[in-house]
Amino acid sequence: MLAMNFRGPYRIRADRNRPEPKIEHPYDAIVRVTRSLICGSDLHLYHGLVPDTRVGMTFGHEFTGIVEEVGSGVQNLKQGDHVLVPFNIACGTCPFCKQELYGNCHESNPEATAVGGFFGYAHIAGGYDGGQAEYVRVPYADVGPMVIPEGMDIEDAVMLTDVTPTGYQAAEMGGIRKGDTVVVFGAGPIGIMAARCCWLFGAGRVIIIDHLDYRLEFARNYAKCEAYNFKEMDDPVLFVKKATDWLGADVCIDAVGCDASGSKLQSITGKKLLMQAGSATALHWAINSVKKGGILSIVGVYGPPWNLVPVGSLMNKGITVRANQASVKRLLPKLIDHVMSGRLDPKGIISHRIPLEDIPDAYRMFSEKLDNIIKPLLIPPKAFAV
């Protein structure tokens with residue numbers, strides 16, 4: 001089959017000779033991919049920032065597909081079902097799944113005690129092959145996959161596997177109250193979706209900060225928020241303080257993670273020398289920009305084991321920190337309602353539709369921010385008619 005093949009940092013192949021996945025457990029399903037996406041966190045892997053990202057892996061944790069085969073124990077799916085597949089791989093029965101913490105499943109990832117299993121990520125997330133391929137093995141098939149609701153656009157559906165839930169949960173974890181000022185660091189797809197979702201929770205003012213003008217313009221139009229370029233500021237923290245009567249924002253959201261720009265020290269130690277788990281620039285700014293007693297919501301991805309962050313400011317300001325991978329399954333019912341009612345338009349973030357066989361070019365374009373790219377959608381050769 002055709003699949004993305006990771007050959008090392010900045011090296012991606014479209015491999016036409018990958019073996020098709022097989023049922024390995026009674027609760028597995030084999031899904032023929034109809035749409036998949038490239039995520040900003042895939043770029044963390046592509047850039048070599050995530051430990052134990054192994055040569056030969058297939059990335060991709062955002063995909064939809066048609067069920068081709070199910071194991072003998074699967075009861076909720078049947079052949080022919082068109083499903084959206086959350087990026088979390090969750091057993092559904094462990095203590096954390098029972099709390100709806102599907103991103104922290106205790107059974108799906110033998111490599112870590114913190115995070116659960118994810119499709120198409122490094123072996124610190126279980127080492128499962130992902131959806132940038134023609135076929136995927138889906139473990140615990142009765143738990144994660146959901147049949148796409150009748151009448152839902154497939155491009156909206158694929159955006160419900162990660163981007164929309166993560167952006168929504170970023171806003172949810174902010175504990176936004178009516179009239180709050182929210183500052184989102186990062187105008188990638190997650191940051192843009194988080195900014196859009198802040199309005200659903202009653203925000204009175206939403207500001208997004210990034211350094212790419214085309215992304216900021218997109219954010220203004222899509223999320224209906226204020227958008228500013230930190231390269232035009234002497235100090236982003238000072239800018240936020242001035243904009244909030246010197247108190248700080250009620251809520252700050254870090255939607256960037258370990259690939260952040262804006263600090264030479266952080267970039268050198270976190271992205272070049274790998275002395276810390278990526279650049280924590282956005283996290284620094286968020287901690288120092290939120291008001292005393294405010295809330296910091298973190299959905300930007302950082303790898304183990306540690307980062308240079310101002311813990312003293314965090315403690316002395318009395319900041320509440322909320323962070324996690326999105327629990328997609330928990331959020332799907334309300335997000336489907338938002339989409340079907342027209343309150344959210346997930347597919348509106350998709351900027352490029354690219355054949356799967358052109359995936360090396362797609363990664364290069366996304367990494368280098370070419371052609372005003374926001375979110376690239378991948379289409380396998382047999383799926384164009386779907």
# chains A, B, ... in the order shown; residues from 1 in each chain; ligands from 1

$ residues_around --residues "Arg215 (chain A)" --least-positions-apart "4" --cutoff "8 Å" --atoms "only C-alpha atoms" --output "PyMOL selection string"
chain A and resi 187-188+210+219+372+374

$ write_last_selection --atoms "C-alpha atoms" --output "PDB file, in the first residue's frame"
ATOM      1  CA  ALA A 187      -1.918  31.159  15.154  1.00  0.00           C
ATOM      2  CA  GLY A 188      -1.539  27.663  13.821  1.00  0.00           C
ATOM      3  CA  ASP A 210       2.037  34.902  16.234  1.00  0.00           C
ATOM      4  CA  ALA A 219      -7.144  34.260  12.327  1.00  0.00           C
ATOM      5  CA  ASN A 372       0.026  30.755   2.904  1.00  0.00           C
ATOM      6  CA  ILE A 374      -2.757  26.833   7.278  1.00  0.00           C
TER       7      ILE A 374
END

$ select_by_dssp --residues "region 163-378 of chain A" --states "strand (DSSP E)" --output "ChimeraX atom specification"
/A:181-185,205-210,226-229,249-254,290-298,320-323,352-355,376-378

$ select_by_dssp --residues "region 52-194 of chain A" --states "helix (DSSP H, G or I)" --output "PyMOL selection string"
chain A and resi 95-98+102-104+123-125+154-159+163-173+189-194

$ atom_distance --atom1 "CA of Leu45 (chain A)" --atom2 "CA of Ile373 (chain A)"
18.7 Å

$ closest_residue --among "A:Gly257, A:Pro333, A:Pro380, A:Ser267" --to "Arg353 (chain A)" --atoms "only C-alpha atoms"
A:Pro380

$ residues_around --residues "Asn109 (chain A)" --least-positions-apart "3" --cutoff "6 Å" --atoms "only C-alpha atoms" --output "number ranges by chain"
A: 116-117, 126

$ residues_around --residues "His47 (chain A)" --least-positions-apart "4" --cutoff "8 Å" --atoms "only C-alpha atoms" --output "ChimeraX atom specification"
/A:9-10,43

$ residues_around --residues "Trp285 (chain A)" --least-positions-apart "6" --cutoff "10 Å" --atoms "only C-alpha atoms" --output "tab-separated table (two decimals) with N, CA and C atoms, in the first residue's frame"
chain	number	residue	atom	x	y	z
A	185	PHE	N	-1.51	32.22	22.37
A	185	PHE	CA	-0.18	32.27	21.75
A	185	PHE	C	-0.10	31.17	20.70
A	235	ASP	N	8.22	43.72	23.45
A	235	ASP	CA	8.08	42.65	24.42
A	235	ASP	C	6.61	42.22	24.42
A	236	PRO	N	6.30	40.97	24.01
A	236	PRO	CA	4.90	40.53	23.99
A	236	PRO	C	4.22	40.61	25.35
A	237	VAL	N	4.96	40.35	26.42
A	237	VAL	CA	4.37	40.41	27.76
A	237	VAL	C	3.96	41.84	28.09
A	238	LEU	N	4.84	42.80	27.79
A	238	LEU	CA	4.52	44.21	28.01
A	238	LEU	C	3.31	44.63	27.17
A	240	VAL	N	0.78	42.75	26.24
A	240	VAL	CA	-0.45	42.23	26.86
A	240	VAL	C	-0.79	43.03	28.11
A	252	CYS	N	-4.68	32.76	29.54
A	252	CYS	CA	-3.71	32.63	28.45
A	252	CYS	C	-3.68	31.18	28.00
A	254	ASP	N	-1.46	28.47	25.66
A	254	ASP	CA	-0.28	28.11	24.89
A	254	ASP	C	-0.70	27.06	23.86
A	262	GLY	N	10.83	33.05	18.75
A	262	GLY	CA	10.72	34.27	19.54
A	262	GLY	C	11.79	34.47	20.59
A	309	VAL	N	11.25	26.95	32.43
A	309	VAL	CA	10.06	27.80	32.59
A	309	VAL	C	10.13	28.52	33.93
A	310	PRO	N	9.50	29.70	34.05
A	310	PRO	CA	9.56	30.49	35.28
A	310	PRO	C	8.57	29.98	36.35

$ closest_atom_pairs --of "region 22-115 of chain A" --to "region 152-170 of chain A" --cutoff "6 Å" --atoms "only C-alpha atoms" --output "CSV"
residue,atom,partner,partner_atom,distance
A:Glu62,CA,A:Thr161,CA,5.3
A:Phe63,CA,A:Val158,CA,5.5
A:Thr64,CA,A:Val158,CA,5.6
A:Val85,CA,A:Thr161,CA,5.9
A:Pro86,CA,A:Thr161,CA,4.4
A:Phe87,CA,A:Thr161,CA,5.9

$ atom_distance --atom1 "CA of Gly191 (chain A)" --atom2 "CA of Gly248 (chain A)"
19.2 Å

$ atom_distance --atom1 "CA of Val115 (chain A)" --atom2 "CA of Pro189 (chain A)"
22.1 Å

$ residues_around --residues "Ile89 (chain A)" --least-positions-apart "3" --cutoff "10 Å" --atoms "only C-alpha atoms" --output "list of chain:residue names"
A:His61, A:Val85, A:Pro86, A:Gly92, A:Tyr102, A:Gly103, A:Asn104, A:Cys105, A:Glu107, A:Ser108, A:Asn109, A:Gly116, A:Gly117, A:Phe118, A:Phe119, A:Ala125, A:Gly126, A:Tyr128, A:Val138, A:Pro139, A:Tyr140, A:Ala141, A:Val143, A:Gly144, A:Pro145

$ write_last_selection --atoms "C-alpha atoms" --output "PDB file, in the first residue's frame"
ATOM      1  CA  HIS A  61      -3.205  10.935  13.946  1.00  0.00           C
ATOM      2  CA  VAL A  85     -11.104   8.121  14.345  1.00  0.00           C
ATOM      3  CA  PRO A  86      -9.985  10.168  17.383  1.00  0.00           C
ATOM      4  CA  GLY A  92     -12.325   2.442  27.506  1.00  0.00           C
ATOM      5  CA  TYR A 102      -8.959   9.238  26.942  1.00  0.00           C
ATOM      6  CA  GLY A 103      -5.636  10.919  26.202  1.00  0.00           C
ATOM      7  CA  ASN A 104      -4.218   9.308  29.352  1.00  0.00           C
ATOM      8  CA  CYS A 105      -5.327   5.694  28.804  1.00  0.00           C
ATOM      9  CA  GLU A 107      -3.466   0.366  28.713  1.00  0.00           C
ATOM     10  CA  SER A 108      -2.796   1.667  25.198  1.00  0.00           C
ATOM     11  CA  ASN A 109       0.766   2.883  25.754  1.00  0.00           C
ATOM     12  CA  GLY A 116      -1.822   7.307  26.440  1.00  0.00           C
ATOM     13  CA  GLY A 117      -1.412   5.870  22.969  1.00  0.00           C
ATOM     14  CA  PHE A 118      -1.747   8.003  19.820  1.00  0.00           C
ATOM     15  CA  PHE A 119      -1.850   7.086  16.182  1.00  0.00           C
ATOM     16  CA  ALA A 125       3.101   7.495  22.512  1.00  0.00           C
ATOM     17  CA  GLY A 126       3.038   3.766  21.837  1.00  0.00           C
ATOM     18  CA  TYR A 128       1.378   2.938  16.460  1.00  0.00           C
ATOM     19  CA  VAL A 138      -7.324   0.670  14.697  1.00  0.00           C
ATOM     20  CA  PRO A 139      -7.031  -0.964  18.147  1.00  0.00           C
ATOM     21  CA  TYR A 140      -9.938  -0.907  20.634  1.00  0.00           C
ATOM     22  CA  ALA A 141     -12.241  -0.334  17.691  1.00  0.00           C
ATOM     23  CA  VAL A 143     -14.118   2.607  21.872  1.00  0.00           C
ATOM     24  CA  GLY A 144     -12.671   5.386  19.709  1.00  0.00           C
ATOM     25  CA  PRO A 145     -14.109   5.377  16.179  1.00  0.00           C
TER      26      PRO A 145
END

$ closest_residue --among "A:Ser263, A:Ile12, A:Asp129, A:Val301" --to "His284 (chain A)" --atoms "only C-alpha atoms"
A:Ser263

$ residues_around --residues "Ala133 (chain A)" --least-positions-apart "2" --cutoff "7 Å" --atoms "only C-alpha atoms" --output "number ranges by chain"
A: 2-4, 33, 131, 135

$ write_last_selection --atoms "C-alpha atoms" --output "mmCIF file, in the first residue's frame"
data_model
loop_
_atom_site.group_PDB
_atom_site.id
_atom_site.type_symbol
_atom_site.label_atom_id
_atom_site.label_comp_id
_atom_site.auth_asym_id
_atom_site.auth_seq_id
_atom_site.Cartn_x
_atom_site.Cartn_y
_atom_site.Cartn_z
ATOM 1 C CA LEU A 2 0.946 3.679 -0.263
ATOM 2 C CA ALA A 3 2.035 5.256 3.021
ATOM 3 C CA MET A 4 4.181 7.996 4.444
ATOM 4 C CA VAL A 33 -8.390 5.917 4.864
ATOM 5 C CA GLY A 131 -3.301 7.539 9.032
ATOM 6 C CA TYR A 135 -4.979 1.602 5.454
#

$ closest_residue --among "A:Ile319, A:Met193, A:Leu84, A:Val184" --to "Tyr228 (chain A)" --atoms "only C-alpha atoms"
A:Val184

$ closest_residue --among "A:Arg54, A:Lys291, A:Arg137, A:Arg7" --to "Pro21 (chain A)" --atoms "only C-alpha atoms"
A:Arg137

$ closest_residue --among "A:Met173, A:Leu49, A:Val339, A:Ile379" --to "Ile359 (chain A)" --atoms "only C-alpha atoms"
A:Ile379

$ closest_residue --among "A:Ile268, A:Cys225, A:Val386, A:Ile295" --to "His82 (chain A)" --atoms "only C-alpha atoms"
A:Val386
